>>> print(open('query19.cif').read())   # mmCIF, C-alpha atoms
data_data
#
loop_
_atom_site.label_atom_id
_atom_site.label_comp_id
_atom_site.auth_asym_id
_atom_site.auth_seq_id
_atom_site.Cartn_x
_atom_site.Cartn_y
_atom_site.Cartn_z
CA MET A 16 112.82 126.80 84.27
CA ASP A 17 110.41 127.25 87.18
CA ASP A 18 111.62 127.28 90.77
CA PRO A 19 111.17 123.75 92.28
CA LEU A 20 109.94 125.31 95.56
CA ALA A 21 107.15 127.16 93.74
CA ILE A 22 106.26 124.03 91.76
CA LEU A 23 105.98 121.94 94.94
CA GLU A 24 103.89 124.60 96.68
CA LYS A 25 101.52 124.76 93.72
CA GLN A 26 101.20 120.96 93.48
CA VAL A 27 100.49 120.30 97.12
CA GLY A 28 98.58 123.47 97.91
CA ALA A 29 95.27 122.72 96.21
CA GLY A 30 92.61 120.35 97.52
CA ARG A 31 94.66 118.06 99.71
CA ASN A 32 94.57 116.44 103.11
CA TYR A 33 96.88 118.58 105.24
CA ASP A 34 96.57 116.51 108.40
CA SER A 35 97.65 113.12 107.11
CA PRO A 36 98.32 112.84 103.40
CA PRO A 37 98.87 109.25 102.20
CA LEU A 38 102.67 109.47 101.95
CA ASP A 39 102.94 105.69 102.28
CA LEU A 40 101.06 105.35 98.97
CA TRP A 41 103.29 107.76 97.04
CA HIS A 42 106.42 106.24 95.48
CA PRO A 43 107.57 108.48 92.64
CA PRO A 44 111.15 108.26 91.37
CA LEU A 45 113.68 110.72 92.77
CA SER A 46 113.29 114.09 91.07
CA GLY A 47 116.59 115.35 92.47
CA ASP A 48 117.86 117.50 95.29
CA ILE A 49 116.14 120.74 96.22
CA PRO A 50 118.09 123.36 98.18
CA ILE A 51 115.92 123.15 101.30
CA HIS A 52 117.68 122.75 104.63
CA ILE A 53 116.24 122.37 108.14
CA ASP A 54 118.73 123.53 110.77
CA ALA A 55 119.14 122.18 114.31
CA GLN A 56 116.74 124.85 115.65
CA GLY A 57 113.98 123.64 113.31
CA ASP A 58 114.20 126.62 110.95
CA TRP A 59 113.59 125.91 107.28
CA TYR A 60 115.77 127.49 104.58
CA HIS A 61 115.53 127.57 100.80
CA GLU A 62 118.63 128.56 98.82
CA GLY A 63 120.12 129.97 102.04
CA GLY A 64 117.15 132.22 102.85
CA LYS A 65 114.91 131.43 105.80
CA ILE A 66 111.36 130.41 104.85
CA GLU A 67 109.36 132.94 106.84
CA ARG A 68 105.84 131.86 105.82
CA GLN A 69 104.72 129.41 108.51
CA SER A 70 101.94 128.16 106.22
CA LEU A 71 104.58 127.08 103.70
CA VAL A 72 106.62 125.29 106.40
CA ARG A 73 103.45 123.47 107.57
CA LEU A 74 102.64 122.52 104.00
CA PHE A 75 106.11 121.11 103.31
CA ALA A 76 106.27 119.39 106.70
CA SER A 77 103.05 117.57 105.82
CA ILE A 78 104.73 115.91 102.80
CA LEU A 79 108.07 115.22 104.46
CA ARG A 80 109.27 111.70 105.16
CA ARG A 81 112.49 109.96 106.09
CA GLU A 82 113.21 106.81 104.16
CA GLU A 83 115.23 103.71 104.98
CA ASP A 84 118.35 105.29 103.47
CA GLY A 85 118.23 107.89 106.29
CA GLU A 86 117.55 110.73 103.84
CA TYR A 87 114.63 113.18 104.02
CA TYR A 88 112.31 113.77 101.07
CA LEU A 89 109.43 116.04 100.15
CA VAL A 90 107.01 113.70 98.39
CA THR A 91 103.99 114.28 96.18
CA PRO A 92 102.21 111.68 94.04
CA GLY A 93 104.44 112.61 91.10
CA GLU A 94 107.68 113.98 92.56
CA LYS A 95 110.24 113.25 95.27
CA TRP A 96 112.82 115.86 96.25
CA ARG A 97 115.69 115.20 98.67
CA ILE A 98 116.35 117.87 101.32
CA THR A 99 118.87 118.12 104.17
CA VAL A 100 118.06 118.04 107.87
CA GLU A 101 120.70 118.96 110.44
CA LEU A 102 119.20 117.19 113.48
CA HIS A 103 115.41 116.70 113.69
CA PRO A 104 112.99 118.12 111.14
CA LEU A 105 110.36 119.21 113.66
CA LEU A 106 110.15 120.66 117.16
CA ILE A 107 107.90 120.05 120.13
CA THR A 108 106.82 123.50 121.26
CA ASP A 109 104.58 122.38 124.13
CA ILE A 110 103.60 119.31 126.14
CA ASP A 111 100.30 119.09 127.94
CA SER A 112 98.62 116.56 130.16
CA LEU A 113 95.00 115.83 129.36
CA VAL A 114 92.36 113.17 129.93
CA VAL A 115 91.12 111.09 126.99
CA ASP A 116 88.48 108.44 127.68
CA GLU A 117 89.14 108.83 131.41
CA VAL A 118 92.87 108.11 130.96
CA ALA A 119 95.65 110.66 131.55
CA VAL A 120 97.78 111.15 128.44
CA LEU A 121 100.47 113.52 127.24
CA GLU A 122 99.93 115.56 124.11
CA ALA A 123 102.81 117.17 122.21
CA THR A 124 102.24 120.27 120.10
CA LEU A 125 104.65 120.58 117.18
CA ASN A 126 105.99 123.73 115.55
CA THR A 127 103.55 122.99 112.71
CA ASP A 128 100.62 123.24 115.20
CA LYS A 129 99.97 119.51 114.79
CA ARG A 130 99.14 117.68 118.04
CA ILE A 131 100.38 114.15 118.73
CA LEU A 132 99.51 111.89 121.65
CA VAL A 133 102.59 110.37 123.31
CA ASN A 134 102.29 106.55 123.27
CA GLU A 135 104.08 103.38 122.11
CA GLU A 136 103.68 104.38 118.46
CA HIS A 137 104.77 107.98 119.09
CA SER A 138 107.34 107.29 121.77
CA LEU A 139 109.83 109.54 123.49
CA PHE A 140 113.59 109.05 123.34
CA LEU A 141 116.54 111.00 124.69
CA GLU A 142 118.71 112.73 122.08
CA PRO A 143 122.39 112.34 123.03
CA LYS A 144 123.49 114.97 120.47
CA VAL A 145 121.83 117.70 122.57
CA GLN A 146 122.45 116.72 126.19
CA ASN A 147 119.71 114.04 126.28
CA ILE A 148 116.79 116.35 125.70
CA ALA A 149 113.65 114.36 124.83
CA ALA A 150 112.47 113.90 121.27
CA LEU A 151 109.39 112.15 119.87
CA GLN A 152 109.04 109.51 117.16
CA LEU A 153 106.54 110.60 114.50
CA PRO A 154 104.91 108.97 111.48
CA HIS A 155 106.85 108.56 108.24
CA GLY A 156 110.22 108.15 109.97
CA LEU A 157 110.21 111.70 111.31
CA SER A 158 111.05 112.98 114.78
CA ALA A 159 110.61 116.17 116.80
CA LEU A 160 112.97 117.55 119.44
CA CYS A 161 111.69 119.39 122.52
CA THR A 162 112.28 123.12 122.61
CA ARG A 163 113.67 124.40 125.89
CA ALA A 164 110.18 125.39 127.11
CA ALA A 165 108.68 122.01 126.13
CA TRP A 166 111.57 120.16 127.78
CA TYR A 167 111.08 122.07 131.06
CA ARG A 168 107.34 121.37 130.87
CA LEU A 169 108.00 117.67 130.28
CA VAL A 170 110.34 117.50 133.27
CA GLU A 171 107.73 119.36 135.36
CA LEU A 172 105.10 116.74 134.42
CA ALA A 173 107.35 113.82 135.41
CA ASP A 174 106.79 111.84 138.58
CA SER A 175 110.13 111.74 140.43
CA GLY A 176 109.24 109.19 143.08
CA GLY A 177 112.17 107.05 144.11
CA GLY A 178 114.68 109.39 142.44
CA ILE A 179 113.62 108.31 138.94
CA ALA A 180 111.83 110.83 136.72
CA LYS A 181 109.09 108.93 134.88
CA LEU A 182 106.35 110.06 132.54
CA LYS A 183 103.14 108.18 131.98
CA SER A 184 100.82 108.64 129.02
CA GLY A 185 98.03 106.07 129.07
CA ASP A 186 99.74 102.66 129.23
CA TYR A 187 103.03 104.09 127.92
CA GLU A 188 105.76 104.89 130.43
CA PHE A 189 109.06 106.67 129.80
CA ASN A 190 112.09 107.14 132.05
CA LEU A 191 113.71 110.58 131.76
CA ASN A 192 116.85 109.50 133.62
CA THR A 193 119.87 108.68 131.47
CA ASP A 194 121.47 106.15 133.84
#
>>> encode(input="query19.cif", output="structure tokens")
Amino acid sequence: MDDPLAILEKQVGAGRNYDSPPLDLWHPPLSGDIPIHIDAQGDWYHEGGKIERQSLVRLFASILRREEDGEYYLVTPGEKWRITVELHPLLITDIDSLVVDEVAVLEATLNTDKRILVNEEHSLFLEPKVQNIAALQLPHGLSALCTRAAWYRLVELADSGGGIAKLKSGDYEFNLNTD
């Protein structure tokens, strides 16, 4: 029998939309569990071995979703494989402040090189499991935790007037203080 990892790579690798595949339109039955694990540092493993090819991680991350049952799945039009995630499936590797349509916004860069604007839809939250470091809500029920460098950058970008560290991204505002 073929390796499920190789089958998935072959299926999703040819002629597809890597930026935003229509995961919300794909509802295949559960194919089973695949031995892929994402650890708390955002490293991907298959059968205990680290997946070193970043292109493969990006490919699989593009078809990853978290469903209402709290489980994570790699989804194609014809297959759905359950994987395990220790904390958050993705990482924020950088945060930058930029101007879009004359409005200052924050842009998060993920470990998959995808860039996401911080806003109401993609909002920040503090993760209590790791000393209230910020994380970001993403499409398809996913989330990304700040790396140490991104967290320091986020804190650096905050306005600390009045003793409260606040971030503003367009109309969206987030308080970095935990109390």
>>> atom_distance(input="query19.cif", atom1="CA of Lys181 (chain A)", atom2="CA of Gln56 (chain A)")
26.1 Å
>>> resolve_selection(input="query19.cif", expression="the PyMOL selection byres ((chain A and resi 156-167) around 10)", output="PyMOL selection string")
chain A and resi 55-57+76+79-83+85-87+102-111+123-126+137-142+145+148-155+168-172
>>> write_last_selection(input="query19.cif", atoms="C-alpha atoms", output="PDB file, keeping the file's coordinate frame")
ATOM      1  CA  ALA A  55     119.140 122.180 114.310  1.00  0.00           C
ATOM      2  CA  GLN A  56     116.740 124.850 115.650  1.00  0.00           C
ATOM      3  CA  GLY A  57     113.980 123.640 113.310  1.00  0.00           C
ATOM      4  CA  ALA A  76     106.270 119.390 106.700  1.00  0.00           C
ATOM      5  CA  LEU A  79     108.070 115.220 104.460  1.00  0.00           C
ATOM      6  CA  ARG A  80     109.270 111.700 105.160  1.00  0.00           C
ATOM      7  CA  ARG A  81     112.490 109.960 106.090  1.00  0.00           C
ATOM      8  CA  GLU A  82     113.210 106.810 104.160  1.00  0.00           C
ATOM      9  CA  GLU A  83     115.230 103.710 104.980  1.00  0.00           C
ATOM     10  CA  GLY A  85     118.230 107.890 106.290  1.00  0.00           C
ATOM     11  CA  GLU A  86     117.550 110.730 103.840  1.00  0.00           C
ATOM     12  CA  TYR A  87     114.630 113.180 104.020  1.00  0.00           C
ATOM     13  CA  LEU A 102     119.200 117.190 113.480  1.00  0.00           C
ATOM     14  CA  HIS A 103     115.410 116.700 113.690  1.00  0.00           C
ATOM     15  CA  PRO A 104     112.990 118.120 111.140  1.00  0.00           C
ATOM     16  CA  LEU A 105     110.360 119.210 113.660  1.00  0.00           C
ATOM     17  CA  LEU A 106     110.150 120.660 117.160  1.00  0.00           C
ATOM     18  CA  ILE A 107     107.900 120.050 120.130  1.00  0.00           C
ATOM     19  CA  THR A 108     106.820 123.500 121.260  1.00  0.00           C
ATOM     20  CA  ASP A 109     104.580 122.380 124.130  1.00  0.00           C
ATOM     21  CA  ILE A 110     103.600 119.310 126.140  1.00  0.00           C
ATOM     22  CA  ASP A 111     100.300 119.090 127.940  1.00  0.00           C
ATOM     23  CA  ALA A 123     102.810 117.170 122.210  1.00  0.00           C
ATOM     24  CA  THR A 124     102.240 120.270 120.100  1.00  0.00           C
ATOM     25  CA  LEU A 125     104.650 120.580 117.180  1.00  0.00           C
ATOM     26  CA  ASN A 126     105.990 123.730 115.550  1.00  0.00           C
ATOM     27  CA  HIS A 137     104.770 107.980 119.090  1.00  0.00           C
ATOM     28  CA  SER A 138     107.340 107.290 121.770  1.00  0.00           C
ATOM     29  CA  LEU A 139     109.830 109.540 123.490  1.00  0.00           C
ATOM     30  CA  PHE A 140     113.590 109.050 123.340  1.00  0.00           C
ATOM     31  CA  LEU A 141     116.540 111.000 124.690  1.00  0.00           C
ATOM     32  CA  GLU A 142     118.710 112.730 122.080  1.00  0.00           C
ATOM     33  CA  VAL A 145     121.830 117.700 122.570  1.00  0.00           C
ATOM     34  CA  ILE A 148     116.790 116.350 125.700  1.00  0.00           C
ATOM     35  CA  ALA A 149     113.650 114.360 124.830  1.00  0.00           C
ATOM     36  CA  ALA A 150     112.470 113.900 121.270  1.00  0.00           C
ATOM     37  CA  LEU A 151     109.390 112.150 119.870  1.00  0.00           C
ATOM     38  CA  GLN A 152     109.040 109.510 117.160  1.00  0.00           C
ATOM     39  CA  LEU A 153     106.540 110.600 114.500  1.00  0.00           C
ATOM     40  CA  PRO A 154     104.910 108.970 111.480  1.00  0.00           C
ATOM     41  CA  HIS A 155     106.850 108.560 108.240  1.00  0.00           C
ATOM     42  CA  ARG A 168     107.340 121.370 130.870  1.00  0.00           C
ATOM     43  CA  LEU A 169     108.000 117.670 130.280  1.00  0.00           C
ATOM     44  CA  VAL A 170     110.340 117.500 133.270  1.00  0.00           C
ATOM     45  CA  GLU A 171     107.730 119.360 135.360  1.00  0.00           C
ATOM     46  CA  LEU A 172     105.100 116.740 134.420  1.00  0.00           C
TER      47      LEU A 172
END
>>> residues_around(input="query19.cif", residues="Glu188 (chain A)", least_positions_apart="4", cutoff="12 Å", atoms="only C-alpha atoms", output="list of chain:residue names")
A:Ala119, A:Val120, A:Leu121, A:Val133, A:Asn134, A:Glu135, A:His137, A:Ser138, A:Leu139, A:Phe140, A:Ala173, A:Asp174, A:Ala180, A:Lys181, A:Leu182, A:Lys183, A:Ser184
>>> atom_distance(input="query19.cif", atom1="CA of Leu74 (chain A)", atom2="CA of Ser35 (chain A)")
11.1 Å
>>> atom_distance(input="query19.cif", atom1="CA of Leu40 (chain A)", atom2="CA of Val90 (chain A)")
10.3 Å
>>> closest_residue(input="query19.cif", among="A:Thr127, A:Thr99, A:Thr91, A:Asn147", to="Ile78 (chain A)", atoms="all atoms listed in the file")
A:Thr91
>>> residues_around(input="query19.cif", residues="His52 (chain A)", least_positions_apart="4", cutoff="12 Å", atoms="only C-alpha atoms", output="list in words")
Asp48, Gln56, Gly57, Asp58, Trp59, Tyr60, His61, Glu62, Gly63, Gly64, Lys65, Ile66, Val72, Phe75, Tyr87, Tyr88, Leu89, Trp96, Arg97, Ile98, Thr99, Val100, Glu101, Leu102, His103 and Pro104 of chain A
>>> residues_around(input="query19.cif", residues="Ser46 (chain A)", least_positions_apart="3", cutoff="9 Å", atoms="all atoms listed in the file", output="JSON list (two decimals) with C-alpha atoms, keeping the file's coordinate frame")
[["chain", "number", "residue", "atom", "x", "y", "z"],
["A", 43, "PRO", "CA", 107.57, 108.48, 92.64],
["A", 49, "ILE", "CA", 116.14, 120.74, 96.22],
["A", 93, "GLY", "CA", 104.44, 112.61, 91.10],
["A", 94, "GLU", "CA", 107.68, 113.98, 92.56],
["A", 95, "LYS", "CA", 110.24, 113.25, 95.27],
["A", 96, "TRP", "CA", 112.82, 115.86, 96.25],
["A", 97, "ARG", "CA", 115.69, 115.20, 98.67]]
>>> closest_residue(input="query19.cif", among="A:Asp84, A:Ser70, A:Leu191, A:Gly185", to="Asp116 (chain A)", atoms="all atoms listed in the file")
A:Gly185
>>> closest_residue(input="query19.cif", among="A:Ser175, A:Ser77, A:Leu132, A:Pro44", to="Leu113 (chain A)", atoms="all atoms listed in the file")
A:Leu132
